[in-house]
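Shown next: my_file03.txt, given as compact mmCIF, N, CA and C atoms.
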```txt
# COMPACT_ATOMS: atom_id res chain seq x y z
N MET A 1 113.40 107.36 123.51
CA MET A 1 113.66 107.67 122.11
C MET A 1 112.64 106.95 121.23
N ALA A 2 112.08 107.65 120.27
CA ALA A 2 111.06 107.06 119.39
C ALA A 2 111.68 106.01 118.47
N GLN A 3 110.90 104.97 118.24
CA GLN A 3 111.37 103.90 117.36
C GLN A 3 111.31 104.37 115.91
N GLN A 4 112.36 104.08 115.17
CA GLN A 4 112.39 104.44 113.75
C GLN A 4 111.38 103.58 112.99
N PRO A 5 110.61 104.17 112.08
CA PRO A 5 109.69 103.34 111.29
C PRO A 5 110.48 102.40 110.38
N ARG A 6 109.86 101.27 110.08
CA ARG A 6 110.49 100.32 109.15
C ARG A 6 110.64 100.97 107.78
N LYS A 7 111.60 100.44 107.03
CA LYS A 7 111.75 100.92 105.66
C LYS A 7 110.45 100.66 104.92
N MET A 8 109.96 101.65 104.22
CA MET A 8 108.69 101.52 103.52
C MET A 8 108.74 100.42 102.46
N SER A 9 109.89 100.21 101.84
CA SER A 9 110.00 99.14 100.84
C SER A 9 109.77 97.77 101.48
N GLU A 10 110.26 97.59 102.71
CA GLU A 10 110.06 96.32 103.41
C GLU A 10 108.58 96.12 103.77
N VAL A 11 107.94 97.19 104.19
CA VAL A 11 106.52 97.11 104.55
C VAL A 11 105.68 96.79 103.32
N MET A 12 105.98 97.44 102.20
CA MET A 12 105.22 97.19 100.97
C MET A 12 105.43 95.76 100.50
N LYS A 13 106.65 95.24 100.63
CA LYS A 13 106.92 93.85 100.25
C LYS A 13 106.11 92.91 101.13
N GLU A 14 106.13 93.15 102.44
CA GLU A 14 105.38 92.32 103.37
C GLU A 14 103.89 92.33 103.03
N MET A 15 103.35 93.51 102.76
CA MET A 15 101.92 93.60 102.46
C MET A 15 101.58 92.94 101.13
N SER A 16 102.36 93.21 100.11
CA SER A 16 102.05 92.65 98.78
C SER A 16 102.13 91.13 98.77
N GLU A 17 103.08 90.57 99.51
CA GLU A 17 103.23 89.11 99.54
C GLU A 17 102.03 88.42 100.19
N ARG A 18 101.30 89.11 101.03
CA ARG A 18 100.12 88.53 101.67
C ARG A 18 99.05 88.16 100.65
N LEU A 19 99.09 88.77 99.48
CA LEU A 19 98.07 88.53 98.46
C LEU A 19 98.38 87.33 97.57
N LEU A 20 99.60 86.85 97.62
CA LEU A 20 100.04 85.81 96.69
C LEU A 20 99.89 84.41 97.28
N ARG A 21 99.51 83.47 96.41
CA ARG A 21 99.34 82.07 96.85
C ARG A 21 100.62 81.52 97.46
N GLN A 22 101.74 81.78 96.82
CA GLN A 22 103.04 81.27 97.28
C GLN A 22 103.98 82.47 97.43
N PRO A 23 103.94 83.12 98.59
CA PRO A 23 104.71 84.35 98.77
C PRO A 23 106.20 84.22 98.51
N ASP A 24 106.77 83.06 98.79
CA ASP A 24 108.22 82.89 98.64
C ASP A 24 108.64 82.41 97.25
N ALA A 25 107.66 82.10 96.40
CA ALA A 25 107.97 81.61 95.06
C ALA A 25 108.32 82.77 94.13
N ALA A 26 108.89 82.43 92.99
CA ALA A 26 109.12 83.45 91.95
C ALA A 26 107.77 83.78 91.32
N HIS A 27 107.57 85.05 91.04
CA HIS A 27 106.30 85.49 90.46
C HIS A 27 106.54 86.21 89.15
N SER A 28 105.49 86.22 88.34
CA SER A 28 105.57 87.00 87.11
C SER A 28 105.73 88.46 87.48
N SER A 29 106.34 89.20 86.59
CA SER A 29 106.49 90.64 86.80
C SER A 29 105.13 91.30 87.00
N GLU A 30 104.16 90.83 86.22
CA GLU A 30 102.82 91.43 86.31
C GLU A 30 102.20 91.22 87.69
N ALA A 31 102.27 89.99 88.22
CA ALA A 31 101.69 89.72 89.53
C ALA A 31 102.42 90.52 90.61
N ALA A 32 103.73 90.59 90.53
CA ALA A 32 104.50 91.33 91.53
C ALA A 32 104.13 92.81 91.50
N HIS A 33 104.01 93.38 90.31
CA HIS A 33 103.67 94.80 90.20
C HIS A 33 102.24 95.08 90.68
N VAL A 34 101.31 94.23 90.33
CA VAL A 34 99.92 94.44 90.74
C VAL A 34 99.77 94.27 92.25
N ALA A 35 100.41 93.27 92.83
CA ALA A 35 100.34 93.07 94.29
C ALA A 35 100.92 94.30 95.00
N LEU A 36 102.01 94.82 94.50
CA LEU A 36 102.62 96.02 95.08
C LEU A 36 101.69 97.23 94.93
N MET A 37 101.06 97.33 93.78
CA MET A 37 100.10 98.43 93.55
C MET A 37 98.96 98.36 94.55
N PHE A 38 98.45 97.16 94.81
CA PHE A 38 97.35 97.02 95.77
C PHE A 38 97.80 97.39 97.18
N ALA A 39 99.04 97.04 97.55
CA ALA A 39 99.57 97.42 98.86
C ALA A 39 99.66 98.94 98.97
N ASN A 40 100.13 99.56 97.90
CA ASN A 40 100.24 101.02 97.85
C ASN A 40 98.86 101.67 98.01
N ILE A 41 97.88 101.18 97.28
CA ILE A 41 96.52 101.72 97.35
C ILE A 41 95.98 101.59 98.78
N ALA A 42 96.13 100.40 99.37
CA ALA A 42 95.61 100.15 100.72
C ALA A 42 96.27 101.09 101.73
N TRP A 43 97.58 101.22 101.64
CA TRP A 43 98.30 102.08 102.57
C TRP A 43 97.77 103.51 102.48
N ASN A 44 97.71 104.04 101.27
CA ASN A 44 97.30 105.44 101.11
C ASN A 44 95.85 105.66 101.53
N GLU A 45 95.00 104.65 101.36
CA GLU A 45 93.62 104.80 101.83
C GLU A 45 93.58 105.01 103.33
N THR A 46 94.46 104.33 104.06
CA THR A 46 94.43 104.43 105.52
C THR A 46 94.97 105.76 106.03
N VAL A 47 95.69 106.49 105.20
CA VAL A 47 96.22 107.79 105.63
C VAL A 47 95.44 108.95 105.02
N GLY A 48 94.25 108.64 104.49
CA GLY A 48 93.35 109.70 104.04
C GLY A 48 93.42 110.06 102.58
N LEU A 49 94.14 109.29 101.78
CA LEU A 49 94.19 109.57 100.34
C LEU A 49 93.14 108.71 99.65
N ALA A 50 91.97 109.25 99.50
CA ALA A 50 90.83 108.50 98.96
C ALA A 50 90.90 108.39 97.44
N HIS A 51 90.08 107.54 96.90
CA HIS A 51 89.87 107.36 95.45
C HIS A 51 91.04 106.69 94.73
N ALA A 52 91.97 106.10 95.47
CA ALA A 52 93.11 105.47 94.82
C ALA A 52 92.69 104.26 93.98
N ARG A 53 91.71 103.51 94.46
CA ARG A 53 91.31 102.30 93.72
C ARG A 53 90.87 102.65 92.31
N GLN A 54 89.99 103.62 92.21
CA GLN A 54 89.49 103.99 90.88
C GLN A 54 90.60 104.60 90.03
N GLY A 55 91.47 105.37 90.66
CA GLY A 55 92.56 106.01 89.93
C GLY A 55 93.54 105.02 89.32
N TYR A 56 93.71 103.87 89.97
CA TYR A 56 94.66 102.87 89.49
C TYR A 56 94.02 101.75 88.68
N ARG A 57 92.71 101.71 88.63
CA ARG A 57 92.02 100.60 87.97
C ARG A 57 92.53 100.38 86.54
N SER A 58 92.67 101.44 85.77
CA SER A 58 93.12 101.27 84.38
C SER A 58 94.53 100.70 84.32
N ALA A 59 95.36 101.00 85.32
CA ALA A 59 96.73 100.48 85.34
C ALA A 59 96.73 98.97 85.53
N TRP A 60 95.99 98.47 86.54
CA TRP A 60 96.02 97.01 86.74
C TRP A 60 95.25 96.29 85.64
N GLU A 61 94.27 96.94 85.04
CA GLU A 61 93.56 96.30 83.92
C GLU A 61 94.46 96.18 82.70
N SER A 62 95.31 97.16 82.45
CA SER A 62 96.22 97.05 81.30
C SER A 62 97.30 96.01 81.56
N ILE A 63 97.76 95.88 82.81
CA ILE A 63 98.72 94.82 83.15
C ILE A 63 98.05 93.46 82.99
N GLU A 64 96.81 93.36 83.45
CA GLU A 64 96.05 92.11 83.33
C GLU A 64 95.88 91.73 81.86
N ALA A 65 95.67 92.70 80.99
CA ALA A 65 95.50 92.43 79.57
C ALA A 65 96.78 91.81 78.98
N GLU A 66 97.94 92.20 79.49
CA GLU A 66 99.21 91.65 79.03
C GLU A 66 99.40 90.20 79.49
N ASN A 67 98.90 89.89 80.69
CA ASN A 67 99.08 88.56 81.26
C ASN A 67 97.89 88.19 82.14
N PRO A 68 96.77 87.76 81.52
CA PRO A 68 95.59 87.43 82.32
C PRO A 68 95.83 86.26 83.28
N GLU A 69 96.85 85.46 83.03
CA GLU A 69 97.17 84.34 83.90
C GLU A 69 97.75 84.78 85.24
N MET A 70 98.10 86.05 85.36
CA MET A 70 98.70 86.53 86.62
C MET A 70 97.77 86.28 87.81
N TRP A 71 96.45 86.28 87.59
CA TRP A 71 95.52 86.09 88.70
C TRP A 71 95.69 84.73 89.36
N SER A 72 96.22 83.74 88.61
CA SER A 72 96.44 82.42 89.21
C SER A 72 97.51 82.46 90.31
N GLU A 73 98.31 83.52 90.33
CA GLU A 73 99.35 83.67 91.35
C GLU A 73 98.81 84.30 92.64
N PHE A 74 97.61 84.85 92.55
CA PHE A 74 96.99 85.50 93.71
C PHE A 74 96.11 84.51 94.47
N ARG A 75 95.89 84.79 95.74
CA ARG A 75 94.99 83.97 96.55
C ARG A 75 93.53 84.23 96.17
N SER A 76 93.26 85.33 95.48
CA SER A 76 91.91 85.71 95.11
C SER A 76 91.97 86.58 93.86
N SER A 77 90.83 86.72 93.20
CA SER A 77 90.77 87.69 92.09
C SER A 77 89.80 88.81 92.44
N ASP A 78 89.35 88.85 93.68
CA ASP A 78 88.46 89.91 94.16
C ASP A 78 89.32 91.08 94.63
N VAL A 79 89.51 92.04 93.73
CA VAL A 79 90.41 93.16 93.99
C VAL A 79 90.01 93.94 95.23
N ASP A 80 88.74 94.30 95.35
CA ASP A 80 88.31 95.08 96.50
C ASP A 80 88.54 94.33 97.81
N ALA A 81 88.26 93.04 97.82
CA ALA A 81 88.47 92.25 99.05
C ALA A 81 89.95 92.19 99.40
N MET A 82 90.82 92.07 98.41
CA MET A 82 92.26 92.03 98.68
C MET A 82 92.74 93.35 99.26
N ILE A 83 92.30 94.45 98.64
CA ILE A 83 92.71 95.77 99.14
C ILE A 83 92.14 96.00 100.53
N ASP A 84 90.88 95.60 100.76
CA ASP A 84 90.28 95.74 102.10
C ASP A 84 91.09 94.96 103.14
N GLU A 85 91.54 93.76 102.78
CA GLU A 85 92.35 92.95 103.69
C GLU A 85 93.64 93.68 104.05
N LEU A 86 94.26 94.31 103.06
CA LEU A 86 95.51 95.03 103.32
C LEU A 86 95.27 96.30 104.14
N VAL A 87 94.12 96.94 103.94
CA VAL A 87 93.77 98.10 104.76
C VAL A 87 93.71 97.67 106.23
N GLN A 88 93.04 96.55 106.49
CA GLN A 88 92.93 96.06 107.87
C GLN A 88 94.31 95.66 108.42
N PHE A 89 95.14 95.04 107.60
CA PHE A 89 96.48 94.66 108.02
C PHE A 89 97.28 95.89 108.41
N LYS A 90 97.23 96.93 107.60
CA LYS A 90 97.97 98.17 107.88
C LYS A 90 97.47 98.79 109.17
N LYS A 91 96.16 98.85 109.35
CA LYS A 91 95.59 99.45 110.57
C LYS A 91 96.01 98.68 111.81
N LYS A 92 96.13 97.36 111.69
CA LYS A 92 96.49 96.53 112.84
C LYS A 92 97.99 96.59 113.15
N HIS A 93 98.82 96.51 112.11
CA HIS A 93 100.26 96.37 112.30
C HIS A 93 101.04 97.69 112.25
N TYR A 94 100.49 98.70 111.60
CA TYR A 94 101.19 99.98 111.47
C TYR A 94 100.23 101.15 111.73
N PRO A 95 99.50 101.12 112.84
CA PRO A 95 98.46 102.12 113.05
C PRO A 95 98.98 103.55 113.20
N ASN A 96 100.20 103.70 113.67
CA ASN A 96 100.73 105.05 113.91
C ASN A 96 101.60 105.57 112.78
N ASP A 97 101.83 104.75 111.77
CA ASP A 97 102.66 105.17 110.64
C ASP A 97 101.76 105.84 109.62
N GLN A 98 101.87 107.15 109.52
CA GLN A 98 100.98 107.91 108.64
C GLN A 98 101.71 108.51 107.44
N ARG A 99 102.87 107.92 107.09
CA ARG A 99 103.55 108.39 105.88
C ARG A 99 102.63 108.18 104.68
N ARG A 100 102.76 109.05 103.69
CA ARG A 100 101.96 108.95 102.47
C ARG A 100 102.86 108.53 101.32
N ILE A 101 102.44 107.53 100.58
CA ILE A 101 103.26 107.02 99.48
C ILE A 101 103.04 107.89 98.25
N LEU A 102 104.13 108.38 97.72
CA LEU A 102 104.10 109.21 96.52
C LEU A 102 104.25 108.35 95.27
N SER A 103 105.20 107.42 95.30
CA SER A 103 105.37 106.48 94.19
C SER A 103 105.92 105.17 94.74
N CYS A 104 105.61 104.10 94.03
CA CYS A 104 105.99 102.78 94.48
C CYS A 104 106.15 101.90 93.24
N GLY A 105 107.28 101.24 93.11
CA GLY A 105 107.49 100.41 91.93
C GLY A 105 108.64 99.44 92.14
N ILE A 106 108.99 98.74 91.07
CA ILE A 106 110.03 97.72 91.14
C ILE A 106 111.06 97.96 90.02
N PRO A 107 111.80 99.07 90.08
CA PRO A 107 112.84 99.25 89.06
C PRO A 107 114.03 98.34 89.37
N ASP A 108 114.61 97.78 88.36
CA ASP A 108 115.80 96.92 88.52
C ASP A 108 115.58 95.78 89.51
N GLY A 109 114.34 95.29 89.60
CA GLY A 109 114.06 94.13 90.43
C GLY A 109 114.00 94.37 91.93
N LYS A 110 114.09 95.63 92.37
CA LYS A 110 114.04 95.95 93.79
C LYS A 110 112.89 96.93 94.04
N ILE A 111 112.16 96.70 95.13
CA ILE A 111 111.05 97.59 95.46
C ILE A 111 111.61 98.94 95.88
N ARG A 112 111.05 99.97 95.29
CA ARG A 112 111.45 101.35 95.62
C ARG A 112 110.19 102.13 95.95
N VAL A 113 110.22 102.83 97.08
CA VAL A 113 109.07 103.60 97.53
C VAL A 113 109.53 105.01 97.87
N GLU A 114 108.85 105.99 97.31
CA GLU A 114 109.06 107.37 97.69
C GLU A 114 107.84 107.79 98.49
N TRP A 115 108.09 108.43 99.63
CA TRP A 115 106.99 108.77 100.52
C TRP A 115 107.16 110.16 101.09
N LEU A 116 106.05 110.68 101.59
CA LEU A 116 106.02 111.99 102.23
C LEU A 116 105.76 111.80 103.71
N ASN A 117 106.27 112.69 104.51
CA ASN A 117 105.99 112.64 105.95
C ASN A 117 104.50 112.82 106.20
N PRO A 118 104.03 112.39 107.37
CA PRO A 118 102.62 112.59 107.71
C PRO A 118 102.29 114.08 107.69
N VAL A 119 101.03 114.38 107.42
CA VAL A 119 100.60 115.77 107.46
C VAL A 119 100.45 116.20 108.91
N ALA A 120 100.53 117.49 109.14
CA ALA A 120 100.35 118.02 110.49
C ALA A 120 98.90 117.84 110.91
N PRO A 121 98.65 117.71 112.21
CA PRO A 121 97.26 117.57 112.69
C PRO A 121 96.38 118.70 112.16
N GLY A 122 95.21 118.32 111.68
CA GLY A 122 94.26 119.29 111.17
C GLY A 122 94.45 119.68 109.71
N VAL A 123 95.51 119.16 109.07
CA VAL A 123 95.77 119.48 107.67
C VAL A 123 95.21 118.36 106.79
N ASP A 124 94.60 118.71 105.68
CA ASP A 124 94.04 117.73 104.75
C ASP A 124 95.20 116.96 104.10
N SER A 125 95.15 115.64 104.16
CA SER A 125 96.24 114.83 103.61
C SER A 125 96.33 114.92 102.10
N GLN A 126 95.29 115.37 101.44
CA GLN A 126 95.34 115.50 99.98
C GLN A 126 96.36 116.53 99.59
```
I'd like the structure from this file rewritten - as structure tokens, please.
Amino acid sequence: MAQQPRKMSEVMKEMSERLLRQPDAAHSSEAAHVALMFANIAWNETVGLAHARQGYRSAWESIEAENPEMWSEFRSSDVDAMIDELVQFKKKHYPNDQRRILSCGIPDGKIRVEWLNPVAPGVDSQ
């Protein structure tokens, strides 16, 4: 019997926390949302949804404008390096999970992820 994939919300939490200096500490809403956004971007890049970084850039820049201090909660401020790290993490730890994330956020303080099943072989994931 095939193993059930982990809940996507748990996977996104695990990935986003890797970016934070103190994963178990309380974080600003801005840092939590941006870390989750980067996890979402990295995941979708690995399943063939390209151009996510550029598409979300204005979103994290507007969050940053609200709270520029949020970067102090991250292990780095190099966005591309952080997303690249998460891409590698996903490839290593979840290589066969090809679900595509449709939306990902933190309503009411809990991570919520809506996702689509993997595309059929030979079908463009876009």
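You will find atom CA of Glu73 of chain A at 13.3 Å from atom CA of Leu36 of chain A.
The residue that comes closest to Asn40 of chain A, out of A:Gly55, A:Ala81, A:Cys104, A:Asp24 and on the basis of all atoms listed in the file, is A:Cys104.
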request  = Report as a PyMOL selection string: the residues of segment 6-121 of chain A with a DSSP assignment of helix (DSSP H, G or I), based on the backbone of this structure.
outcome  = chain A and resi 8-17+29-46+52-66+68-73+79-93+107-109
ask   = By how many Å are atom CA of Ala65 of chain A and atom C of Glu114 of chain A apart?
value = 27.3 Å
message = If you run DSSP on the backbone here, which positions in segment 51-112 of chain A get strand (DSSP E)? Please write them as JSON, numbers by chain.
response = {"A": [100, 101, 102, 103, 104, 105, 112]}
Could you please take those selected residues and save N, CA and C atoms as a CSV table (one decimal), keeping the file's coordinate frame?
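Full text of again38.csv as output:
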```
chain,number,residue,atom,x,y,z
A,100,ARG,N,102.8,109.0,103.7
A,100,ARG,CA,102.0,109.0,102.5
A,100,ARG,C,102.9,108.5,101.3
A,101,ILE,N,102.4,107.5,100.6
A,101,ILE,CA,103.3,107.0,99.5
A,101,ILE,C,103.0,107.9,98.2
A,102,LEU,N,104.1,108.4,97.7
A,102,LEU,CA,104.1,109.2,96.5
A,102,LEU,C,104.2,108.4,95.3
A,103,SER,N,105.2,107.4,95.3
A,103,SER,CA,105.4,106.5,94.2
A,103,SER,C,105.9,105.2,94.7
A,104,CYS,N,105.6,104.1,94.0
A,104,CYS,CA,106.0,102.8,94.5
A,104,CYS,C,106.2,101.9,93.2
A,105,GLY,N,107.3,101.2,93.1
A,105,GLY,CA,107.5,100.4,91.9
A,105,GLY,C,108.6,99.4,92.1
A,112,ARG,N,111.0,100.0,95.3
A,112,ARG,CA,111.4,101.4,95.6
A,112,ARG,C,110.2,102.1,96.0
```
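Shortest atom-to-atom contact with Ser103 of chain A among A:Phe89, A:Asp78, A:Trp115, A:Ser9: A:Trp115, counting all atoms listed in the file.
Nearest to Leu102 of chain A of all the residues A:Gln88, A:Asn44, A:Gln54, A:Ser62 is A:Asn44, based on only C-alpha atoms.
Shortest atom-to-atom contact with Val87 of chain A among A:Val119, A:Thr46, A:Val34, A:Asn67: A:Thr46, counting only N, CA and C atoms.
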task = Within 12 Å of Arg53 of chain A, counting only C-alpha atoms, which residues show up once you throw out same-chain ones fewer than 2 positions away? Write them as JSON, numbers by chain, please.
result = {"A": [37, 38, 39, 40, 41, 42, 43, 44, 45, 49, 50, 51, 55, 56, 57, 58, 59, 60, 61, 79, 80, 81, 82, 83, 84]}
key: Computed interatomic separation between atom CA of Met70 of chain A and atom CA of Gly48 of chain A (Å)   = 29.5 Å
Within 6.5 Å of file point (103.7, 102.4, 106.6), counting all atoms listed in the file, expressed as a VMD selection string = chain A and resid 8 11 94 97 to 99
query = Neighbours of Phe74 of chain A within 10 Å (only C-alpha atoms; same-chain residues fewer than 3 positions away dropped), as a list in words?
reply = Glu17, Arg18, Leu19, Leu20, Arg21, Gln22, Pro23, His27, Ala31, Ala32, Val34, Ala35, Glu69, Met70, Trp71, Ser77, Asp78 and Met82 of chain A
I need the chosen residues saved as an mmCIF file, in the frame of the given file, with N, CA and C atoms.
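Written output follows (again-v5.cif):
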```cif
data_model
loop_
_atom_site.group_PDB
_atom_site.id
_atom_site.type_symbol
_atom_site.label_atom_id
_atom_site.label_comp_id
_atom_site.auth_asym_id
_atom_site.auth_seq_id
_atom_site.Cartn_x
_atom_site.Cartn_y
_atom_site.Cartn_z
ATOM 1 N N GLU A 17 103.080 90.570 99.510
ATOM 2 C CA GLU A 17 103.230 89.110 99.540
ATOM 3 C C GLU A 17 102.030 88.420 100.190
ATOM 4 N N ARG A 18 101.300 89.110 101.030
ATOM 5 C CA ARG A 18 100.120 88.530 101.670
ATOM 6 C C ARG A 18 99.050 88.160 100.650
ATOM 7 N N LEU A 19 99.090 88.770 99.480
ATOM 8 C CA LEU A 19 98.070 88.530 98.460
ATOM 9 C C LEU A 19 98.380 87.330 97.570
ATOM 10 N N LEU A 20 99.600 86.850 97.620
ATOM 11 C CA LEU A 20 100.040 85.810 96.690
ATOM 12 C C LEU A 20 99.890 84.410 97.280
ATOM 13 N N ARG A 21 99.510 83.470 96.410
ATOM 14 C CA ARG A 21 99.340 82.070 96.850
ATOM 15 C C ARG A 21 100.620 81.520 97.460
ATOM 16 N N GLN A 22 101.740 81.780 96.820
ATOM 17 C CA GLN A 22 103.040 81.270 97.280
ATOM 18 C C GLN A 22 103.980 82.470 97.430
ATOM 19 N N PRO A 23 103.940 83.120 98.590
ATOM 20 C CA PRO A 23 104.710 84.350 98.770
ATOM 21 C C PRO A 23 106.200 84.220 98.510
ATOM 22 N N HIS A 27 107.570 85.050 91.040
ATOM 23 C CA HIS A 27 106.300 85.490 90.460
ATOM 24 C C HIS A 27 106.540 86.210 89.150
ATOM 25 N N ALA A 31 102.270 89.990 88.220
ATOM 26 C CA ALA A 31 101.690 89.720 89.530
ATOM 27 C C ALA A 31 102.420 90.520 90.610
ATOM 28 N N ALA A 32 103.730 90.590 90.530
ATOM 29 C CA ALA A 32 104.500 91.330 91.530
ATOM 30 C C ALA A 32 104.130 92.810 91.500
ATOM 31 N N VAL A 34 101.310 94.230 90.330
ATOM 32 C CA VAL A 34 99.920 94.440 90.740
ATOM 33 C C VAL A 34 99.770 94.270 92.250
ATOM 34 N N ALA A 35 100.410 93.270 92.830
ATOM 35 C CA ALA A 35 100.340 93.070 94.290
ATOM 36 C C ALA A 35 100.920 94.300 95.000
ATOM 37 N N GLU A 69 96.850 85.460 83.030
ATOM 38 C CA GLU A 69 97.170 84.340 83.900
ATOM 39 C C GLU A 69 97.750 84.780 85.240
ATOM 40 N N MET A 70 98.100 86.050 85.360
ATOM 41 C CA MET A 70 98.700 86.530 86.620
ATOM 42 C C MET A 70 97.770 86.280 87.810
ATOM 43 N N TRP A 71 96.450 86.280 87.590
ATOM 44 C CA TRP A 71 95.520 86.090 88.700
ATOM 45 C C TRP A 71 95.690 84.730 89.360
ATOM 46 N N SER A 77 90.830 86.720 93.200
ATOM 47 C CA SER A 77 90.770 87.690 92.090
ATOM 48 C C SER A 77 89.800 88.810 92.440
ATOM 49 N N ASP A 78 89.350 88.850 93.680
ATOM 50 C CA ASP A 78 88.460 89.910 94.160
ATOM 51 C C ASP A 78 89.320 91.080 94.630
ATOM 52 N N MET A 82 90.820 92.070 98.410
ATOM 53 C CA MET A 82 92.260 92.030 98.680
ATOM 54 C C MET A 82 92.740 93.350 99.260
#
```
